[in-house]
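Listing of input_36.csv, CSV, C-alpha atoms
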```
chain,number,residue,atom,x,y,z
O,1,MET,CA,-4.5,-24.7,-1.5
O,2,ALA,CA,-4.5,-21.0,-2.3
O,3,THR,CA,-1.2,-19.2,-2.2
O,4,VAL,CA,-0.3,-15.6,-1.5
O,5,ALA,CA,3.2,-14.4,-2.3
O,6,ILE,CA,4.8,-11.5,-0.4
O,7,ILE,CA,7.5,-9.9,-2.5
O,8,ASP,CA,10.8,-9.6,-0.7
O,9,TYR,CA,13.2,-7.2,-2.3
O,10,GLY,CA,15.0,-6.4,1.0
O,11,MET,CA,12.9,-3.5,2.2
O,12,GLY,CA,10.2,-4.0,4.8
O,13,ASN,CA,9.3,-5.9,7.9
O,14,LEU,CA,8.0,-8.9,6.1
O,15,HIS,CA,7.8,-11.1,9.2
O,16,SER,CA,5.0,-9.0,10.6
O,17,ILE,CA,2.9,-9.0,7.5
O,18,ALA,CA,3.5,-12.7,6.9
O,19,LYS,CA,2.4,-13.6,10.4
O,20,ALA,CA,-0.7,-11.4,10.1
O,21,LEU,CA,-1.6,-13.2,6.8
O,22,GLU,CA,-1.0,-16.6,8.3
O,23,TYR,CA,-3.2,-15.6,11.3
O,24,VAL,CA,-6.2,-14.7,9.1
O,25,GLY,CA,-5.5,-17.0,6.2
O,26,GLY,CA,-6.7,-20.4,7.4
O,27,ASP,CA,-5.5,-22.9,4.8
O,28,THR,CA,-3.8,-20.2,2.6
O,29,ARG,CA,-0.1,-20.8,2.0
O,30,VAL,CA,2.0,-17.7,2.6
O,31,TRP,CA,5.2,-17.5,0.7
O,32,VAL,CA,7.9,-14.8,1.1
O,33,GLY,CA,10.6,-14.4,-1.6
O,34,HIS,CA,11.7,-12.8,-4.9
O,35,ASP,CA,11.6,-15.7,-7.3
O,36,PRO,CA,9.6,-14.3,-10.3
O,37,LYS,CA,8.2,-17.7,-11.3
O,38,THR,CA,6.9,-18.4,-7.8
O,39,ILE,CA,5.4,-14.9,-7.6
O,40,LEU,CA,3.6,-15.3,-10.9
O,41,ARG,CA,2.2,-18.7,-9.9
O,42,ALA,CA,0.6,-17.4,-6.7
O,43,ASP,CA,-3.1,-16.7,-6.5
O,44,ARG,CA,-2.5,-13.3,-4.9
O,45,VAL,CA,0.5,-11.0,-4.4
O,46,VAL,CA,1.4,-8.5,-1.6
O,47,PHE,CA,3.9,-5.8,-2.5
O,48,PRO,CA,5.1,-4.2,0.8
O,49,GLY,CA,7.9,-1.9,1.6
O,50,VAL,CA,9.4,0.7,3.9
O,51,GLY,CA,12.3,3.1,3.3
O,52,GLY,CA,13.3,5.3,0.3
O,53,ILE,CA,11.8,4.9,-3.1
O,54,GLY,CA,15.1,5.3,-4.9
O,55,HIS,CA,16.6,2.2,-3.3
O,56,CYS,CA,13.3,0.4,-3.7
O,57,MET,CA,13.3,1.0,-7.5
O,58,ASP,CA,17.0,0.1,-7.8
O,59,GLU,CA,16.3,-3.3,-6.0
O,60,LEU,CA,13.2,-4.0,-8.0
O,61,ARG,CA,15.1,-3.5,-11.2
O,62,ARG,CA,18.2,-5.4,-10.0
O,63,LEU,CA,16.0,-8.4,-9.1
O,64,GLU,CA,14.0,-8.0,-12.3
O,65,LEU,CA,10.9,-7.6,-10.2
O,66,ASP,CA,9.6,-4.4,-11.8
O,67,ALA,CA,8.3,-6.3,-14.9
O,68,VAL,CA,6.9,-9.0,-12.6
O,69,ILE,CA,4.9,-6.5,-10.6
O,70,VAL,CA,3.5,-5.0,-13.8
O,71,GLU,CA,2.4,-8.4,-15.0
O,72,VAL,CA,0.9,-9.2,-11.6
O,73,ALA,CA,-1.0,-5.9,-11.7
O,74,ALA,CA,-2.6,-7.0,-15.0
O,75,THR,CA,-3.5,-10.5,-14.0
O,76,LYS,CA,-4.3,-11.2,-10.3
O,77,PRO,CA,-5.2,-9.5,-7.0
O,78,LEU,CA,-2.4,-7.3,-5.9
O,79,LEU,CA,-2.1,-5.5,-2.5
O,80,GLY,CA,0.4,-2.7,-2.2
O,81,VAL,CA,1.4,-1.6,1.3
O,82,CYS,CA,3.1,1.7,2.2
O,83,LEU,CA,6.1,2.0,-0.1
O,84,GLY,CA,4.4,-0.6,-2.3
O,85,LEU,CA,1.6,1.9,-2.9
O,86,GLN,CA,3.9,4.7,-3.8
O,87,ALA,CA,5.9,2.6,-6.2
O,88,LEU,CA,2.8,1.9,-8.2
O,89,LEU,CA,2.6,5.5,-9.3
O,90,GLU,CA,4.5,7.3,-12.0
O,91,PHE,CA,6.9,9.5,-10.1
O,92,SER,CA,8.1,10.4,-6.6
O,93,GLU,CA,9.6,13.6,-5.3
O,94,GLU,CA,11.8,11.5,-3.0
O,95,ASN,CA,15.5,11.1,-3.6
O,96,SER,CA,15.7,14.1,-5.8
O,97,GLY,CA,13.0,12.6,-8.1
O,98,THR,CA,12.4,9.0,-8.9
O,99,SER,CA,10.6,7.3,-11.7
O,100,CYS,CA,8.3,4.5,-10.4
O,101,LEU,CA,6.4,1.7,-12.0
O,102,SER,CA,3.7,3.8,-13.8
O,103,ILE,CA,1.0,1.3,-13.1
O,104,LEU,CA,-1.3,3.9,-11.7
O,105,PRO,CA,-1.3,7.6,-12.9
O,106,GLY,CA,-0.1,10.1,-10.4
O,107,LYS,CA,2.8,11.3,-8.3
O,108,VAL,CA,4.1,11.0,-4.8
O,109,ARG,CA,4.7,14.2,-2.9
O,110,ARG,CA,6.4,15.1,0.4
O,111,PHE,CA,4.4,16.5,3.2
O,112,PRO,CA,5.2,20.2,3.6
O,113,SER,CA,6.6,21.4,6.9
O,114,ALA,CA,3.9,24.2,7.0
O,115,SER,CA,0.3,23.3,7.6
O,116,LEU,CA,-1.7,22.7,4.4
O,117,ASP,CA,-4.8,24.0,6.0
O,118,ARG,CA,-4.8,27.8,6.4
O,119,LEU,CA,-7.8,27.6,8.8
O,120,SER,CA,-6.0,25.1,11.1
O,121,SER,CA,-4.7,26.2,14.4
O,122,GLU,CA,-1.7,24.1,13.7
O,123,THR,CA,1.3,26.1,12.4
O,124,SER,CA,3.3,23.1,11.2
O,125,LEU,CA,3.1,19.4,10.5
O,126,LYS,CA,5.3,16.8,12.0
O,127,VAL,CA,7.0,14.8,9.3
O,128,PRO,CA,6.9,11.9,9.1
O,129,HIS,CA,3.2,11.4,9.6
O,130,MET,CA,3.4,8.7,12.3
O,131,GLY,CA,0.7,7.0,14.4
O,132,TRP,CA,-3.0,6.2,14.2
O,133,ASN,CA,-5.3,8.1,11.9
O,134,GLN,CA,-8.8,7.7,10.4
O,135,VAL,CA,-9.3,6.4,6.9
O,136,HIS,CA,-12.5,7.6,5.2
O,137,GLN,CA,-13.7,5.2,2.6
O,138,GLU,CA,-14.4,7.0,-0.6
O,139,ALA,CA,-15.8,4.1,-2.6
O,140,THR,CA,-17.4,0.8,-1.9
O,141,HIS,CA,-14.9,-2.0,-2.3
O,142,PRO,CA,-14.6,-5.7,-1.2
O,143,LEU,CA,-11.5,-4.9,0.9
O,144,TRP,CA,-13.6,-2.5,3.0
O,145,LYS,CA,-16.0,-5.3,4.0
O,146,ASN,CA,-16.8,-5.2,7.7
O,147,ILE,CA,-14.5,-2.3,8.3
O,148,PRO,CA,-16.5,0.7,9.8
O,149,GLN,CA,-16.3,4.0,8.1
O,150,ASP,CA,-13.5,6.2,9.5
O,151,SER,CA,-11.7,3.3,11.2
O,152,ARG,CA,-8.2,4.0,12.5
O,153,PHE,CA,-5.1,2.6,10.8
O,154,TYR,CA,-1.4,2.9,11.6
O,155,PHE,CA,0.8,5.2,9.4
O,156,VAL,CA,4.5,5.9,9.1
O,157,HIS,CA,5.4,8.0,6.1
O,158,SER,CA,6.9,11.3,4.9
O,159,TYR,CA,5.5,11.2,1.4
O,160,TYR,CA,1.9,10.8,0.2
O,161,ALA,CA,0.2,9.6,-3.0
O,162,ASP,CA,-1.4,12.2,-5.3
O,163,PRO,CA,-3.3,10.2,-7.9
O,164,ALA,CA,-4.1,11.8,-11.2
O,165,ASN,CA,-7.5,10.1,-11.5
O,166,PRO,CA,-9.8,10.8,-8.6
O,167,GLU,CA,-11.7,7.6,-9.4
O,168,ASN,CA,-8.6,5.6,-8.1
O,169,GLN,CA,-8.9,7.1,-4.7
O,170,ALA,CA,-10.6,4.5,-2.5
O,171,GLY,CA,-9.8,6.1,0.9
O,172,THR,CA,-8.6,9.4,2.3
O,173,THR,CA,-6.9,10.5,5.5
O,174,PHE,CA,-6.5,14.0,6.8
O,175,TYR,CA,-3.1,15.3,7.9
O,176,GLY,CA,-2.9,19.0,7.4
O,177,ALA,CA,-5.0,18.3,4.3
O,178,GLY,CA,-6.6,15.3,2.8
O,179,PHE,CA,-4.4,12.8,1.0
O,180,ALA,CA,-5.0,9.4,-0.6
O,181,ALA,CA,-4.7,6.7,2.0
O,182,ALA,CA,-5.9,3.9,-0.4
O,183,LEU,CA,-5.9,3.5,-4.2
O,184,ALA,CA,-7.9,1.0,-6.2
O,185,LYS,CA,-8.2,0.1,-9.8
O,186,ASP,CA,-9.5,-3.2,-11.2
O,187,ASN,CA,-7.6,-6.0,-9.4
O,188,ILE,CA,-5.2,-3.6,-7.6
O,189,PHE,CA,-5.7,-2.3,-4.1
O,190,ALA,CA,-3.0,-0.3,-2.2
O,191,VAL,CA,-2.9,1.3,1.2
O,192,GLN,CA,-0.5,3.9,2.6
O,193,CYS,CA,-1.0,2.5,6.2
O,194,HIS,CA,0.3,-0.7,7.6
O,195,PRO,CA,-2.6,-3.1,8.0
O,196,GLU,CA,-0.3,-5.6,9.8
O,197,LYS,CA,0.1,-3.0,12.6
O,198,SER,CA,-3.5,-1.8,12.6
O,199,GLN,CA,-5.1,-4.3,14.9
O,200,GLN,CA,-8.6,-5.6,14.0
O,201,SER,CA,-9.3,-3.2,11.1
O,202,GLY,CA,-6.0,-4.1,9.5
O,203,LEU,CA,-6.5,-7.9,10.0
O,204,THR,CA,-10.0,-7.5,8.5
O,205,LEU,CA,-8.5,-5.8,5.4
O,206,LEU,CA,-5.9,-8.6,5.0
O,207,SER,CA,-8.6,-11.3,5.5
O,208,ASN,CA,-10.7,-9.5,2.8
O,209,PHE,CA,-7.8,-9.5,0.5
O,210,LEU,CA,-7.3,-13.3,0.8
O,211,GLU,CA,-11.0,-13.7,-0.1
O,212,TRP,CA,-10.9,-11.2,-3.0
O,213,ASP,CA,-11.1,-12.5,-6.6
O,214,GLY,CA,-9.9,-9.2,-8.0
O,215,GLN,CA,-13.4,-8.2,-9.1
O,216,VAL,CA,-15.1,-4.9,-7.9
```

If you took the structure in this file and wrote it as structure tokens, what would it be?
Amino acid sequence: MATVAIIDYGMGNLHSIAKALEYVGGDTRVWVGHDPKTILRADRVVFPGVGGIGHCMDELRRLELDAVIVEVAATKPLLGVCLGLQALLEFSEENSGTSCLSILPGKVRRFPSASLDRLSSETSLKVPHMGWNQVHQEATHPLWKNIPQDSRFYFVHSYYADPANPENQAGTTFYGAGFAAALAKDNIFAVQCHPEKSQQSGLTLLSNFLEWDGQV
């Protein structure tokens, strides 16, 4: 029986994503926890999270999960979700500046209060960016299988990923300006949205992840 481990470091609504994976997973065993050995034995790993990046990194280091995630990222399919995407980058502006896992090159920046688009009729952006928005697929990837271009996903975030390598940008969303909604490299795929809250498109993405062998 295939297994998927959801990393629990005390930050995130893990019940929702576990139930969504169980719903689409068939015979896949879904495990939630922070035991490093169990995580490393799993066939696939989900790295979720909500909240502040400073507390996230403190908890990952306290539980000795930072090195575990680095190893997972090098060896098996890894899905980052929301804060789990941001933590994969090098640095975040949140919490007066926070060093992250440095698995993917790039930084995490805060949405400005003023509109990023000078031609927009909007004079300001509401922060956090919350609700449904389109994701434009920038590259063909197994996790986009059977998901129509510009499908809507559910977002809740005040910070966004700014990858250093444009080739890692698998999907973009517009909110005042375009930002990276999905990152991909080798056996890593990460999304800023919450697929477990994104109805059919989100369930399809999770189902694709459970079928993915990490090859692109």

| request: Kindly provide, as number ranges by chain, the polymer residues lying within 9 Å of (3.1, -16.7, 5.5), counting only C-alpha atoms and using the coordinates exactly as they appear in the file. | output: O: 4-6, 15, 17-23, 25, 28-32

| message | List the spatial neighbours of Gly52 (chain O) as a list in words - criterion: any atom at most 10 Å away, all atoms listed in the file, same-chain residues fewer than 4 positions off excluded. | response |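 Listed by chain and then number, they are Met11, Cys56, Met57, Leu83, Glu94, Asn95, Thr98, Ser158 and Tyr159 of chain O.
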
| query | Skipping near chain neighbours, those fewer than 6 positions away, what residues fall within 12 Å of Cys193 (chain O) using all atoms listed in the file, listed as an MDAnalysis selection string? | reply | chainID O and resid 48:50 79:86 129:135 151:161 171:173 180:183 199 201:202 205

| Nearest to Lys76 (chain O), chosen from O:Gln169, O:Asn208, O:Leu40, O:Leu14, with all atoms listed in the file counted in the distances |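 Among the listed residues, O:Leu40 lies closest to Lys76 (chain O).
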
| field | Separation of CA of Ala42 (chain O) from CA of Thr3 (chain O) in Å | value | 5.2 Å

| request: Select, counting only C-alpha atoms, all protein, DNA and RNA residues no farther than 9 Å from (2.9, -11.2, -12.7) in file coordinates, and express the selection as a VMD selection string. | output: chain O and resid 36 to 37 39 to 42 45 67 to 76

| field | Atomic separation - CA of Ile53 (chain O) relative to CA of Leu101 (chain O), Å | value | 10.9 Å

| query | Any idea what the distance is between CA of Gly106 (chain O) and CA of Leu88 (chain O)? | reply |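 The value is 9.0 Å.
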
| Which one of O:Pro128, O:Pro166, O:Gly33, O:Gly51 sits closest to Pro105 (chain O) if you count all atoms listed in the file? | O:Pro166

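Minimum distance to Pro77 (chain O) across O:Gly178, O:Gly26, O:Pro142, O:Pro163 (counting only C-alpha atoms) occurs at O:Pro142.
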
| Shortest interatomic distance to Ser16 (chain O) - which of O:Glu90, O:Glu211, O:Glu196, O:Asp162, counting all atoms listed in the file | O:Glu196
